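*Asks:* Below is the file my_file-v4.tsv, with TSV, C-alpha atoms and all ligand atoms.
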```tsv
chain	number	residue	atom	x	y	z
A	18	VAL	CA	-35.76	-4.74	43.85
A	19	GLY	CA	-34.71	-1.68	45.79
A	20	VAL	CA	-31.56	-1.19	43.72
A	21	GLY	CA	-31.41	2.19	42.01
A	22	PHE	CA	-30.66	2.81	38.36
A	23	GLU	CA	-27.16	4.13	39.09
A	24	ALA	CA	-26.20	1.11	41.16
A	25	ARG	CA	-27.34	-1.22	38.43
A	26	ASN	CA	-25.64	0.78	35.68
A	27	PRO	CA	-22.41	2.08	37.17
A	28	GLU	CA	-20.42	4.49	35.06
A	29	PRO	CA	-16.75	3.58	34.71
A	30	HIS	CA	-14.63	5.71	37.04
A	31	ALA	CA	-12.19	8.22	35.62
A	32	SER	CA	-8.79	6.84	36.53
A	33	VAL	CA	-6.24	8.97	38.32
A	34	ARG	CA	-2.74	7.71	37.72
A	35	PRO	CA	0.66	9.08	38.73
A	36	TRP	CA	2.39	10.76	35.80
A	37	PRO	CA	5.17	10.40	34.99
A	38	ILE	CA	5.06	6.69	35.84
A	39	VAL	CA	7.06	6.01	39.00
A	40	ALA	CA	9.44	3.10	38.53
A	41	GLY	CA	11.61	1.20	41.01
A	42	LYS	CA	15.38	1.01	40.96
A	43	ARG	CA	16.89	-1.00	38.10
A	44	SER	CA	19.59	-3.66	38.40
A	45	GLU	CA	22.77	-3.74	36.31
A	46	GLU	CA	21.33	-6.72	34.39
A	47	THR	CA	18.21	-4.75	33.51
A	48	LEU	CA	20.22	-1.76	32.35
A	49	ALA	CA	22.42	-4.03	30.23
A	50	ALA	CA	19.37	-5.77	28.71
A	51	LEU	CA	17.83	-2.40	27.86
A	52	ARG	CA	21.06	-1.25	26.21
A	53	GLU	CA	21.23	-4.47	24.20
A	54	ALA	CA	17.58	-4.08	23.09
A	55	GLY	CA	18.26	-0.65	21.58
A	56	ASP	CA	15.40	1.65	20.64
A	57	LEU	CA	11.97	0.52	21.84
A	58	ILE	CA	8.76	1.15	19.89
A	59	LEU	CA	5.30	1.25	21.45
A	60	SER	CA	2.55	0.25	19.00
A	61	LEU	CA	-1.23	0.51	19.31
A	62	GLU	CA	-4.13	-1.14	17.49
A	63	SER	CA	-7.80	-0.20	17.93
A	64	SER	CA	-9.37	-0.51	14.48
A	65	CYS	CA	-12.21	-2.87	15.40
A	66	ASP	CA	-13.06	-4.73	18.61
A	67	GLU	CA	-9.60	-5.36	20.04
A	68	THR	CA	-7.58	-2.80	21.99
A	69	ALA	CA	-3.98	-3.96	21.66
A	70	MET	CA	-0.49	-2.71	22.48
A	71	CYS	CA	2.99	-4.03	21.91
A	72	ILE	CA	6.51	-3.00	22.73
A	73	MET	CA	9.13	-4.16	20.24
A	74	ASP	CA	12.88	-3.67	20.45
A	75	SER	CA	15.20	-2.54	17.68
A	76	HIS	CA	15.96	-6.16	16.71
A	77	GLY	CA	12.27	-6.97	16.19
A	78	VAL	CA	11.89	-8.82	19.49
A	79	VAL	CA	8.43	-8.56	21.04
A	80	CYS	CA	8.99	-7.44	24.66
A	81	ALA	CA	5.27	-7.23	25.54
A	82	ASN	CA	2.12	-7.95	23.58
A	83	VAL	CA	-1.27	-7.35	25.18
A	84	VAL	CA	-4.73	-7.69	23.63
A	85	ALA	CA	-7.95	-6.64	25.38
A	86	THR	CA	-10.88	-8.03	23.45
A	87	GLN	CA	-14.41	-6.63	23.60
A	88	ILE	CA	-16.00	-9.71	22.04
A	89	ASP	CA	-18.30	-10.32	25.03
A	90	PHE	CA	-19.87	-6.89	24.67
A	91	HIS	CA	-20.68	-7.44	20.99
A	92	ALA	CA	-21.68	-11.12	21.18
A	93	ARG	CA	-25.26	-10.43	22.25
A	94	PHE	CA	-25.74	-8.33	19.10
A	95	GLY	CA	-24.23	-10.93	16.75
A	96	GLY	CA	-21.62	-8.51	15.43
A	97	VAL	CA	-19.49	-5.50	16.28
A	98	VAL	CA	-21.52	-2.43	17.34
A	99	PRO	CA	-19.33	0.56	16.39
A	100	GLU	CA	-20.46	2.86	19.23
A	101	ILE	CA	-19.79	0.16	21.82
A	102	ALA	CA	-16.39	-0.49	20.24
A	103	SER	CA	-15.20	3.10	20.60
A	104	ARG	CA	-16.49	3.35	24.16
A	105	LYS	CA	-14.77	0.13	25.22
A	106	HIS	CA	-11.49	1.23	23.61
A	107	THR	CA	-11.69	4.45	25.63
A	108	GLU	CA	-12.28	2.51	28.85
A	109	ALA	CA	-9.50	0.01	28.20
A	110	ILE	CA	-6.69	2.03	26.70
A	111	VAL	CA	-5.04	3.58	29.79
A	112	GLY	CA	-5.06	0.35	31.79
A	113	LEU	CA	-3.80	-1.52	28.76
A	114	PHE	CA	-0.90	0.92	28.41
A	115	GLU	CA	0.10	0.39	32.05
A	116	GLU	CA	-0.13	-3.37	31.67
A	117	THR	CA	1.98	-3.30	28.51
A	118	MET	CA	4.66	-1.13	30.17
A	119	ALA	CA	4.67	-3.46	33.20
A	120	ARG	CA	4.95	-6.60	31.08
A	121	ALA	CA	7.77	-5.08	29.04
A	122	GLY	CA	9.40	-4.21	32.37
A	123	ALA	CA	9.16	-7.87	33.40
A	124	HIS	CA	10.78	-8.80	30.09
A	125	PHE	CA	13.77	-6.68	31.11
A	126	GLY	CA	13.71	-7.75	34.77
A	127	CYS	CA	12.27	-4.57	36.30
A	128	ASP	CA	8.84	-3.49	37.54
A	129	THR	CA	7.85	-1.33	34.58
A	130	LEU	CA	9.14	0.63	31.64
A	131	VAL	CA	8.64	4.40	31.68
A	132	PRO	CA	7.90	6.64	28.68
A	133	SER	CA	11.52	7.83	28.53
A	134	ASP	CA	12.54	4.23	27.71
A	135	LEU	CA	10.61	4.50	24.43
A	136	SER	CA	11.81	5.91	21.11
A	137	ALA	CA	8.65	6.11	18.98
A	138	VAL	CA	4.92	5.38	18.91
A	139	GLY	CA	3.29	3.46	16.07
A	140	VAL	CA	-0.49	3.37	15.66
A	141	THR	CA	-3.04	1.84	13.33
A	142	ALA	CA	-4.41	4.88	11.50
A	143	GLY	CA	-6.74	2.93	9.17
A	144	PRO	CA	-8.68	1.24	7.74
A	145	GLY	CA	-11.31	0.23	10.27
A	146	LEU	CA	-14.21	1.67	12.24
A	147	VAL	CA	-13.61	5.39	12.46
A	148	GLY	CA	-14.84	5.75	16.04
A	149	ALA	CA	-12.57	2.89	17.10
A	150	LEU	CA	-9.52	4.11	15.17
A	151	VAL	CA	-9.69	7.61	16.63
A	152	VAL	CA	-9.29	6.28	20.17
A	153	GLY	CA	-5.90	4.74	19.36
A	154	VAL	CA	-4.83	7.67	17.19
A	155	ALA	CA	-5.85	10.24	19.83
A	156	PHE	CA	-4.04	8.30	22.57
A	157	ALA	CA	-0.92	8.02	20.41
A	158	LYS	CA	-0.96	11.70	19.51
A	159	GLY	CA	-1.52	12.76	23.13
A	160	PHE	CA	1.28	10.49	24.25
A	161	CYS	CA	3.61	11.94	21.61
A	162	VAL	CA	2.75	15.50	22.66
A	163	THR	CA	3.63	14.82	26.30
A	164	THR	CA	6.75	12.78	25.58
A	165	ASP	CA	8.05	14.42	22.39
A	166	LEU	CA	8.29	11.01	20.74
A	167	PRO	CA	7.82	10.69	16.96
A	168	LEU	CA	4.49	9.34	15.70
A	169	ILE	CA	4.29	6.57	13.07
A	170	PRO	CA	1.03	5.71	11.29
A	171	VAL	CA	0.64	2.07	10.20
A	172	HIS	CA	-1.90	0.55	7.80
A	173	HIS	CA	-3.93	-2.18	9.50
A	174	LEU	CA	-3.87	-4.57	6.53
A	175	GLU	CA	-0.16	-4.07	5.94
A	176	GLY	CA	0.16	-5.18	9.58
A	177	HIS	CA	-1.77	-8.39	8.83
A	178	LEU	CA	0.49	-8.96	5.84
A	179	LEU	CA	3.68	-8.35	7.85
A	180	ALA	CA	2.48	-10.80	10.54
A	181	ASN	CA	3.60	-13.55	8.15
A	182	LEU	CA	7.22	-12.66	8.97
A	183	PHE	CA	6.73	-14.19	12.43
A	184	GLU	CA	6.31	-17.55	10.67
A	185	THR	CA	8.63	-17.22	7.67
A	186	PRO	CA	11.58	-14.93	8.42
A	187	ASP	CA	12.94	-15.12	4.87
A	188	LEU	CA	9.65	-14.18	3.23
A	189	GLU	CA	10.47	-11.68	0.51
A	190	PRO	CA	8.55	-10.14	-2.37
A	191	PRO	CA	7.36	-10.88	-4.90
A	192	PHE	CA	4.53	-12.94	-3.41
A	193	VAL	CA	0.74	-13.09	-3.34
A	194	ALA	CA	-1.18	-12.49	-0.11
A	195	SER	CA	-4.79	-13.17	0.74
A	196	LEU	CA	-6.12	-10.79	3.39
A	197	VAL	CA	-9.28	-12.18	4.95
A	198	SER	CA	-10.91	-10.78	8.07
A	199	GLY	CA	-14.24	-9.58	9.41
A	200	GLY	CA	-13.96	-6.41	7.35
A	201	ASN	CA	-11.78	-7.29	4.36
A	202	THR	CA	-11.36	-9.89	1.65
A	203	MET	CA	-8.70	-9.23	-0.95
A	204	LEU	CA	-5.93	-10.73	-3.01
A	205	VAL	CA	-2.77	-8.67	-3.17
A	206	HIS	CA	0.30	-8.96	-5.38
A	207	VAL	CA	3.23	-7.78	-3.27
A	208	ARG	CA	5.70	-6.81	-6.03
A	209	ALA	CA	8.20	-5.30	-3.60
A	210	TRP	CA	7.99	-4.09	0.01
A	211	GLY	CA	5.52	-1.22	-0.01
A	212	ASP	CA	4.49	-1.95	-3.62
A	213	TYR	CA	1.07	-3.53	-3.30
A	214	VAL	CA	-1.22	-4.25	-6.23
A	215	VAL	CA	-4.71	-5.16	-5.06
A	216	LEU	CA	-5.75	-7.79	-7.60
A	217	GLY	CA	-9.33	-7.92	-6.40
A	218	SER	CA	-11.55	-7.70	-3.35
A	219	THR	CA	-15.08	-8.47	-2.23
A	220	ILE	CA	-17.91	-6.58	-3.84
A	221	ASP	CA	-20.13	-7.09	-0.77
A	222	ASP	CA	-19.48	-9.02	2.48
A	223	ALA	CA	-16.07	-10.04	3.80
A	224	VAL	CA	-15.31	-13.73	4.43
A	225	GLY	CA	-15.24	-13.32	8.22
A	226	GLU	CA	-18.50	-11.40	8.03
A	227	ALA	CA	-20.12	-14.34	6.19
A	228	PHE	CA	-18.99	-16.69	8.98
A	229	ASP	CA	-20.36	-14.23	11.55
A	230	LYS	CA	-23.73	-13.84	9.79
A	231	VAL	CA	-24.24	-17.58	9.32
A	232	ALA	CA	-23.43	-18.13	13.00
A	233	LYS	CA	-25.88	-15.38	13.92
A	234	ALA	CA	-28.63	-17.02	11.83
A	235	LEU	CA	-27.99	-20.26	13.71
A	236	GLY	CA	-27.97	-18.51	17.08
A	237	LEU	CA	-24.34	-19.49	17.66
A	238	GLY	CA	-23.13	-16.08	18.83
A	239	TYR	CA	-20.23	-13.89	17.76
A	240	PRO	CA	-17.61	-14.28	16.34
A	241	GLY	CA	-18.83	-16.98	14.01
A	242	GLY	CA	-15.54	-18.18	12.54
A	243	PRO	CA	-14.22	-20.26	15.45
A	244	VAL	CA	-17.55	-21.96	16.25
A	245	ILE	CA	-18.44	-22.66	12.60
A	246	SER	CA	-14.99	-24.08	11.86
A	247	LYS	CA	-15.17	-26.36	14.92
A	248	LEU	CA	-18.55	-27.69	13.83
A	249	ALA	CA	-17.36	-28.01	10.24
A	250	ALA	CA	-14.51	-30.28	11.28
A	251	GLN	CA	-17.12	-32.94	12.21
A	252	GLY	CA	-19.39	-32.48	9.19
A	253	ASN	CA	-19.62	-33.58	5.58
A	254	PRO	CA	-18.64	-30.72	3.22
A	255	LYS	CA	-20.61	-32.34	0.38
A	256	ALA	CA	-23.87	-32.72	2.33
A	257	ILE	CA	-25.52	-29.52	1.05
A	258	HIS	CA	-24.69	-27.73	-2.16
A	259	PHE	CA	-24.17	-24.01	-1.74
A	260	PRO	CA	-23.20	-21.60	-4.57
A	261	ARG	CA	-19.56	-20.81	-5.35
A	262	ALA	CA	-20.15	-17.16	-6.25
A	263	MET	CA	-17.91	-15.62	-8.90
A	264	MET	CA	-15.82	-18.78	-9.10
A	265	HIS	CA	-15.56	-18.39	-12.87
A	266	SER	CA	-15.88	-14.62	-13.14
A	267	GLY	CA	-12.44	-14.39	-14.73
A	268	ASP	CA	-11.25	-11.77	-12.25
A	269	TYR	CA	-10.22	-11.55	-8.62
A	270	SER	CA	-13.47	-10.15	-7.22
A	271	PHE	CA	-15.32	-12.02	-4.51
A	272	SER	CA	-18.96	-12.04	-3.46
A	273	LEU	CA	-20.10	-13.57	-0.18
A	274	SER	CA	-23.56	-12.16	0.36
A	275	GLY	CA	-25.28	-14.62	-2.03
A	276	LEU	CA	-23.75	-17.55	-0.17
A	277	LYS	CA	-24.85	-16.12	3.16
A	278	THR	CA	-28.40	-15.69	1.80
A	279	ALA	CA	-28.39	-19.25	0.40
A	280	VAL	CA	-27.43	-20.61	3.83
A	281	ILE	CA	-30.09	-18.54	5.59
A	282	THR	CA	-32.73	-19.60	3.02
A	283	TYR	CA	-31.74	-23.23	3.62
A	284	ILE	CA	-32.06	-22.80	7.40
A	285	GLU	CA	-35.49	-21.18	7.05
A	286	GLY	CA	-36.66	-23.91	4.64
A	287	GLU	CA	-35.62	-26.68	7.02
A	288	ASN	CA	-37.24	-24.88	9.94
A	289	ARG	CA	-40.50	-24.49	7.99
A	290	ALA	CA	-40.48	-28.17	7.03
A	291	GLY	CA	-39.93	-29.06	10.68
A	292	ARG	CA	-36.66	-30.87	9.96
A	293	ALA	CA	-33.75	-30.74	12.36
A	294	ILE	CA	-30.65	-29.11	10.90
A	295	ASN	CA	-27.47	-31.12	10.93
A	296	LEU	CA	-25.20	-28.33	12.16
A	297	PRO	CA	-21.84	-29.96	11.38
A	298	ASP	CA	-22.95	-30.75	7.80
A	299	LEU	CA	-24.31	-27.25	7.29
A	300	ALA	CA	-21.14	-25.66	8.69
A	301	ALA	CA	-18.86	-27.92	6.61
A	302	SER	CA	-20.83	-27.31	3.40
A	303	PHE	CA	-20.81	-23.55	3.92
A	304	GLU	CA	-17.11	-23.52	4.80
A	305	GLN	CA	-16.26	-25.61	1.74
A	306	ALA	CA	-18.10	-23.20	-0.57
A	307	VAL	CA	-15.99	-20.36	0.87
A	308	ILE	CA	-12.74	-22.31	0.63
A	309	ASP	CA	-13.29	-23.49	-2.96
A	310	VAL	CA	-13.56	-19.91	-4.22
A	311	GLN	CA	-10.74	-18.56	-2.06
A	312	VAL	CA	-8.36	-21.31	-3.15
A	313	ALA	CA	-9.31	-21.19	-6.86
A	314	LYS	CA	-8.74	-17.43	-7.12
A	315	ALA	CA	-5.55	-17.55	-5.09
A	316	LYS	CA	-4.23	-20.32	-7.35
A	317	THR	CA	-4.93	-18.28	-10.49
A	318	ALA	CA	-3.28	-15.22	-8.93
A	319	VAL	CA	-0.16	-17.20	-8.07
A	320	GLU	CA	-0.02	-18.69	-11.58
A	321	GLU	CA	-0.58	-15.38	-13.35
A	322	THR	CA	1.98	-13.47	-11.29
A	323	GLY	CA	4.48	-16.35	-11.37
A	324	VAL	CA	5.40	-16.02	-7.69
A	325	SER	CA	6.65	-18.89	-5.55
A	326	ASP	CA	5.37	-17.64	-2.19
A	327	PHE	CA	1.82	-17.27	-0.96
A	328	CYS	CA	0.69	-16.01	2.43
A	329	VAL	CA	-2.50	-15.28	4.33
A	330	GLY	CA	-3.40	-12.59	6.85
A	331	GLY	CA	-6.38	-11.58	9.00
A	332	GLY	CA	-8.68	-13.30	11.47
A	333	VAL	CA	-9.93	-15.88	8.95
A	334	ALA	CA	-6.34	-17.06	8.44
A	335	ALA	CA	-6.95	-18.96	11.70
A	336	ASN	CA	-9.39	-21.28	9.89
A	337	PRO	CA	-7.80	-24.77	9.96
A	338	ALA	CA	-9.57	-26.07	6.83
A	339	LEU	CA	-8.57	-23.01	4.80
A	340	ARG	CA	-4.96	-23.30	5.98
A	341	ALA	CA	-4.94	-26.99	5.03
A	342	ALA	CA	-6.54	-26.35	1.62
A	343	TYR	CA	-3.90	-23.77	0.72
A	344	LYS	CA	-1.11	-26.07	1.83
A	345	GLU	CA	-2.49	-28.93	-0.22
A	346	THR	CA	-3.11	-26.96	-3.42
A	347	PHE	CA	0.12	-24.98	-3.38
A	348	GLY	CA	2.18	-27.86	-2.04
A	349	LYS	CA	1.52	-29.71	-5.30
A	350	MET	CA	2.66	-26.66	-7.27
A	351	GLY	CA	5.89	-26.18	-5.31
A	352	VAL	CA	4.66	-22.84	-3.95
A	353	ARG	CA	5.56	-22.12	-0.32
A	354	VAL	CA	2.57	-21.27	1.88
A	355	THR	CA	2.90	-19.11	5.00
A	356	VAL	CA	0.15	-18.65	7.54
A	357	PRO	CA	0.84	-16.44	10.56
A	358	PRO	CA	1.11	-18.06	14.01
A	359	MET	CA	-2.39	-18.26	15.58
A	360	LEU	CA	-1.47	-15.55	18.12
A	361	VAL	CA	-1.01	-12.95	15.39
A	362	CYS	CA	-3.89	-13.97	13.05
A	363	GLY	CA	-6.50	-11.86	14.83
A	364	ASP	CA	-6.06	-8.16	15.48
A	365	ASN	CA	-2.95	-7.42	17.55
A	366	ALA	CA	-0.34	-4.70	17.94
A	367	ALA	CA	2.74	-6.90	17.34
A	368	MET	CA	2.00	-6.85	13.61
A	369	ILE	CA	1.61	-3.04	13.82
A	370	ALA	CA	4.99	-2.86	15.57
A	371	VAL	CA	6.62	-4.62	12.59
A	372	GLY	CA	5.38	-1.84	10.29
A	373	ALA	CA	6.24	0.85	12.84
A	374	LEU	CA	9.82	-0.39	13.34
A	375	ARG	CA	10.28	-0.48	9.56
A	376	SER	CA	9.11	3.14	9.28
A	377	TYR	CA	11.13	4.19	12.36
A	378	ARG	CA	14.30	3.14	10.58
A	379	THR	CA	13.45	5.27	7.56
A	380	GLN	CA	12.12	8.19	9.65
A	381	GLY	CA	8.62	7.66	8.26
A	382	PHE	CA	7.11	9.95	10.89
A	383	SER	CA	3.82	11.82	10.77
A	384	PRO	CA	3.01	15.28	12.05
A	385	LEU	CA	0.55	15.38	14.95
A	386	THR	CA	-2.16	16.50	12.52
A	387	LEU	CA	-2.55	12.79	11.67
A	388	ASP	CA	-6.18	11.72	11.46
A	389	ALA	CA	-7.67	8.25	11.44
A	390	ASN	CA	-8.58	7.24	7.89
A	391	PRO	CA	-11.24	4.51	7.90
A	392	ASN	CA	-10.80	3.96	4.13
A	393	ALA	CA	-7.00	4.11	3.87
A	394	GLN	CA	-5.70	2.31	0.78
A	395	LEU	CA	-3.19	-0.49	1.23
A	396	GLY	CA	0.22	1.12	0.71
A	397	SER	CA	-0.60	4.27	2.73
A	398	TRP	CA	2.19	5.13	5.22
A	399	SER	CA	4.29	2.32	3.75
A	400	SER	CA	7.91	2.26	2.63
A	401	ASP	CA	10.11	0.32	0.25
A	402	ALA	CA	12.44	-0.54	3.13
A	403	ALA	CA	12.56	-4.20	4.13
A	404	PRO	CA	10.97	-4.85	7.53
A	405	VAL	CA	13.08	-6.16	10.42
A	406	VAL	CA	12.28	-9.85	10.93
A	407	PRO	CA	10.24	-10.03	14.14
A	408	SER	CA	10.46	-12.70	16.81
A	409	GLY	CA	9.29	-13.55	20.29
A	410	MET	CA	5.65	-14.54	19.71
B	501	LIG	O1	-8.73	-9.80	11.79
B	501	LIG	P1	-9.85	-9.91	12.78
B	501	LIG	O2	-9.51	-10.28	14.20
B	501	LIG	O3	-10.66	-8.57	12.87
B	501	LIG	C1	-11.01	-7.81	11.78
B	501	LIG	O4	-12.04	-8.14	11.16
B	501	LIG	O5	-10.21	-6.88	11.46
B	501	LIG	O6	-10.87	-10.97	12.15
B	501	LIG	C2	-12.06	-11.32	12.80
B	501	LIG	C3	-12.84	-12.21	11.87
B	501	LIG	C4	-14.24	-12.53	12.38
B	501	LIG	O7	-15.15	-12.31	11.34
B	501	LIG	C5	-14.15	-14.01	12.73
B	501	LIG	O8	-15.37	-14.70	12.59
B	501	LIG	C6	-13.11	-14.50	11.76
B	501	LIG	O9	-12.16	-13.46	11.70
B	501	LIG	N1	-12.50	-15.77	12.20
B	501	LIG	C7	-12.62	-16.93	11.53
B	501	LIG	C8	-11.98	-17.92	12.33
B	501	LIG	N2	-11.47	-17.30	13.44
B	501	LIG	C9	-11.80	-15.99	13.34
B	501	LIG	N3	-13.23	-17.21	10.38
B	501	LIG	C10	-13.21	-18.50	9.97
B	501	LIG	N4	-12.64	-19.50	10.67
B	501	LIG	C11	-12.01	-19.26	11.85
B	501	LIG	N5	-11.46	-20.26	12.54
```
Now that the file is in, can you turn its structure into C-alpha cells?
*Replies:*
Amino acid sequence: VGVGFEARNPEPHASVRPWPIVAGKRSEETLAALREAGDLILSLESSCDETAMCIMDSHGVVCANVVATQIDFHARFGGVVPEIASRKHTEAIVGLFEETMARAGAHFGCDTLVPSDLSAVGVTAGPGLVGALVVGVAFAKGFCVTTDLPLIPVHHLEGHLLANLFETPDLEPPFVASLVSGGNTMLVHVRAWGDYVVLGSTIDDAVGEAFDKVAKALGLGYPGGPVISKLAAQGNPKAIHFPRAMMHSGDYSFSLSGLKTAVITYIEGENRAGRAINLPDLAASFEQAVIDVQVAKAKTAVEETGVSDFCVGGGVAANPALRAAYKETFGKMGVRVTVPPMLVCGDNAAMIAVGALRSYRTQGFSPLTLDANPNAQLGSWSSDAAPVVPSGM
C-alpha cells in the first residue's frame, strides 16, 4: 500500500564501468605465472538459461569458470521462457565478465586480468534459443571489435562432448557419445575429431524436457531432472509400467512425448480416483522407462560401430541412475564409459573453452559477421585437430 509501480518493479540500472579495466600493480610471481600460462582464451556460453564465462590457458588449465544461472526466474513457469532468458543474459553478462576477469586474476595472484592479457574470444554460436545466443555472440563480437582479438565460434553440443576430456584425458575417437539435455537427445558416432555422424535423435521431446514436464505435472518445479532423480532413488522402478517408446524401432530415433503423456495420464487417473500418488515409485518407474531405451540404443550403437569407448554429455548426464546403468551395461562388454564431472554436465563455458582453444591453435577464426545459428548442425565450426586435454575443474 502506498508503494508506486516503479518502486515495486525497478528497472535494472545501466552500469557504468571504467574502460579499459584499471588493474593494480603485478608482482614478479604473477608475471611469471602469466608467462608460463601462455595465451589465454575467454569463452562465453549463453545458449539457454545459464550465462557462463571461462578463462583457459594455453595448456588447457581452467583459470576461472563462472556460471550465473537464471533457474529461479523460469521455475515459476515450469520451463525456460525464451524472452526472460535473453533479458537475464543481458543483465548478467557485464558483471559476469568482470567477475571472471577478477577470478582469473586471483588464479594468477593479482586483482584482475585486463583485456590485453587475452589472446582470443570463444563463444557458443549455436544451437540454442536464438534470443539467448545473440546476447553472448553480440558481447563477444563487441569485445573483439574493441580489443582486436580474434573471434572463435563453438558449437554448444560439441562443447558437451568435449567436456568428457575433463574426466578421461586419453579419450580418443572413434567412440560413441550420447548427448542428452533439456533441448537435445542424440546418439553420435565420433569417427575422428570433428567427424561426427549423428546416428539418431529424438523425433519430439528431449530427455531433459521429459523430466521437466513430468516434474511440472507433479508441481515439483523446474528443472525436473534433479528432483525426479532424487525421488526415484527411493522408489521402485517396477511399480508402474510405462511405455518404452521406439525401443525396438530398429534405428537410433527416440520419442519421449508418449512417455510424458502416459505419466500425465496416470497422474490424472489417480487424482480422479482419489488415490494418493506414491511419488518415489512414479519417479523411479518413469526414470527407468527413459533409461531402458537410452541404454538399449546406446548398446546397439556401440556394437554396430565396434568402438570401445562410450561417453555422455549434457545436463541429463548428471542423472545418477543413468550413469550407473551405462557403467553396468558397458562394464560387462569391456567398453569404457566416461561421464563428465558433475561441474561440467550442465551448461558451462569451460567446455566451450576446450573447443575454442582447439580452434585457436588451428586459427579457426570467424569474421565479425558471425551470427548466432539456433539450428547449427553438430560439426559446424569444428576441426580435425585434437583438442588440448583440459584440467582444473
Ligand atoms: O545441458 P543443460 O544444463 O541445458 C540444456 O538443456 O542445454 O541441461 C538441462 C537439463 C534439464 O532438462 C534438467 O532437467 C536436466 O538437464 N537434468 C537432469 C538431471 N539434472 C539435470 N535430468 C535427469 N536427471 C538429473 N539428475
*Asks:* Could you list as a VMD selection string every residue that has an atom within 12 Å of (8.5, 6.3, 31.3), using the file's coordinates and counting all atoms listed in the file?
*Replies:* chain A and resid 35 to 41 57 59 114 to 115 117 to 119 121 to 122 128 to 136 160 163 to 164 166
*Asks:* Taking into account all atoms listed in the file, which residue in the set A:Ser400, A:Thr278, A:Gln394, A:Thr202 is nearest to Val310 (chain A)?
*Replies:*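 Of the candidates, the smallest distance to Val310 (chain A) is held by A:Thr202.
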*Asks:* Please work out which residues fall within 12 Å of (-10.8, -1.6, 27.1), coordinates as given in the file, with only C-alpha atoms counting, and return them as number ranges by chain.
*Replies:* A: 29, 62-63, 65-70, 83-90, 101-114, 116, 149, 152-153
*Asks:* Which one of A:Leu51, A:Leu168, A:Leu299, A:Gly286 sits closest to Gln380 (chain A) if you count all atoms listed in the file?
*Replies:*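 Of A:Leu51, A:Leu168, A:Leu299, A:Gly286, the one nearest Gln380 (chain A) is A:Leu168, counting all atoms listed in the file.
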*Asks:* Would you pick out the contacts of Val207 (chain A) at 6 Å or less, using only C-alpha atoms, so that residues sharing its chain but fewer than 2 positions from it are not included, and give the list as a list in words?
*Replies:*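 Residues near the query, excluding close chain neighbours: Pro190, Pro191, Phe192, Val193, Ala209, Asp212 and Tyr213 of chain A.
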*Asks:* What lies within 8 Å of region 250-254 of chain A using all atoms listed in the file, ignoring chain neighbours under 5 positions off, as number ranges by chain?
*Replies:* A: 296-305, 338
*Asks:* Around ligand LIG 501 (chain B), out to 7 Å and counting all atoms listed in the file, which residues are there? I want them as a PyMOL selection string.
*Replies:* chain A and resi 65+198-201+225-226+228-229+240-243+245-246+331-337+362-364
*Asks:* Could you work out how far CA of Leu276 (chain A) lies from CA of Asp222 (chain A), giving the answer in Å with one decimal?
*Replies:*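 Interatomic distance here is 9.9 Å.
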*Asks:* Considering only C-alpha atoms, return as a count of residues only whatever protein or nucleic-acid residues lie within 12 Å of Ala142 (chain A), sequence-local ones (same chain, fewer than 5 positions apart) excluded.
*Replies:* 44
*Asks:* Quick one: of A:Lys42, A:His91, A:Arg375, A:Arg289, who's nearest to Trp210 (chain A), counting all atoms listed in the file?
*Replies:* A:Arg375
*Asks:* Show me, as a PyMOL selection string, the residues that have an atom within 8 Å of Thr219 (chain A) when counting all atoms listed in the file, minus same-chain residues fewer than 2 positions from it.
*Replies:* chain A and resi 201-203+217+221-223+270-273
*Asks:* Filtering to C-alpha atoms, could you give me those residues as a short mmCIF file (atom, residue, chain, number, x, y, z; two decimals), in the frame of the given file?
*Replies:*
```cif
data_model
loop_
_atom_site.label_atom_id
_atom_site.label_comp_id
_atom_site.auth_asym_id
_atom_site.auth_seq_id
_atom_site.Cartn_x
_atom_site.Cartn_y
_atom_site.Cartn_z
CA ASN A 201 -11.78 -7.29 4.36
CA THR A 202 -11.36 -9.89 1.65
CA MET A 203 -8.70 -9.23 -0.95
CA GLY A 217 -9.33 -7.92 -6.40
CA ASP A 221 -20.13 -7.09 -0.77
CA ASP A 222 -19.48 -9.02 2.48
CA ALA A 223 -16.07 -10.04 3.80
CA SER A 270 -13.47 -10.15 -7.22
CA PHE A 271 -15.32 -12.02 -4.51
CA SER A 272 -18.96 -12.04 -3.46
CA LEU A 273 -20.10 -13.57 -0.18
#
```
*Asks:* Quick one, how far is CA of Glu345 (chain A) from CA of Pro358 (chain A)?
*Replies:* 18.3 Å
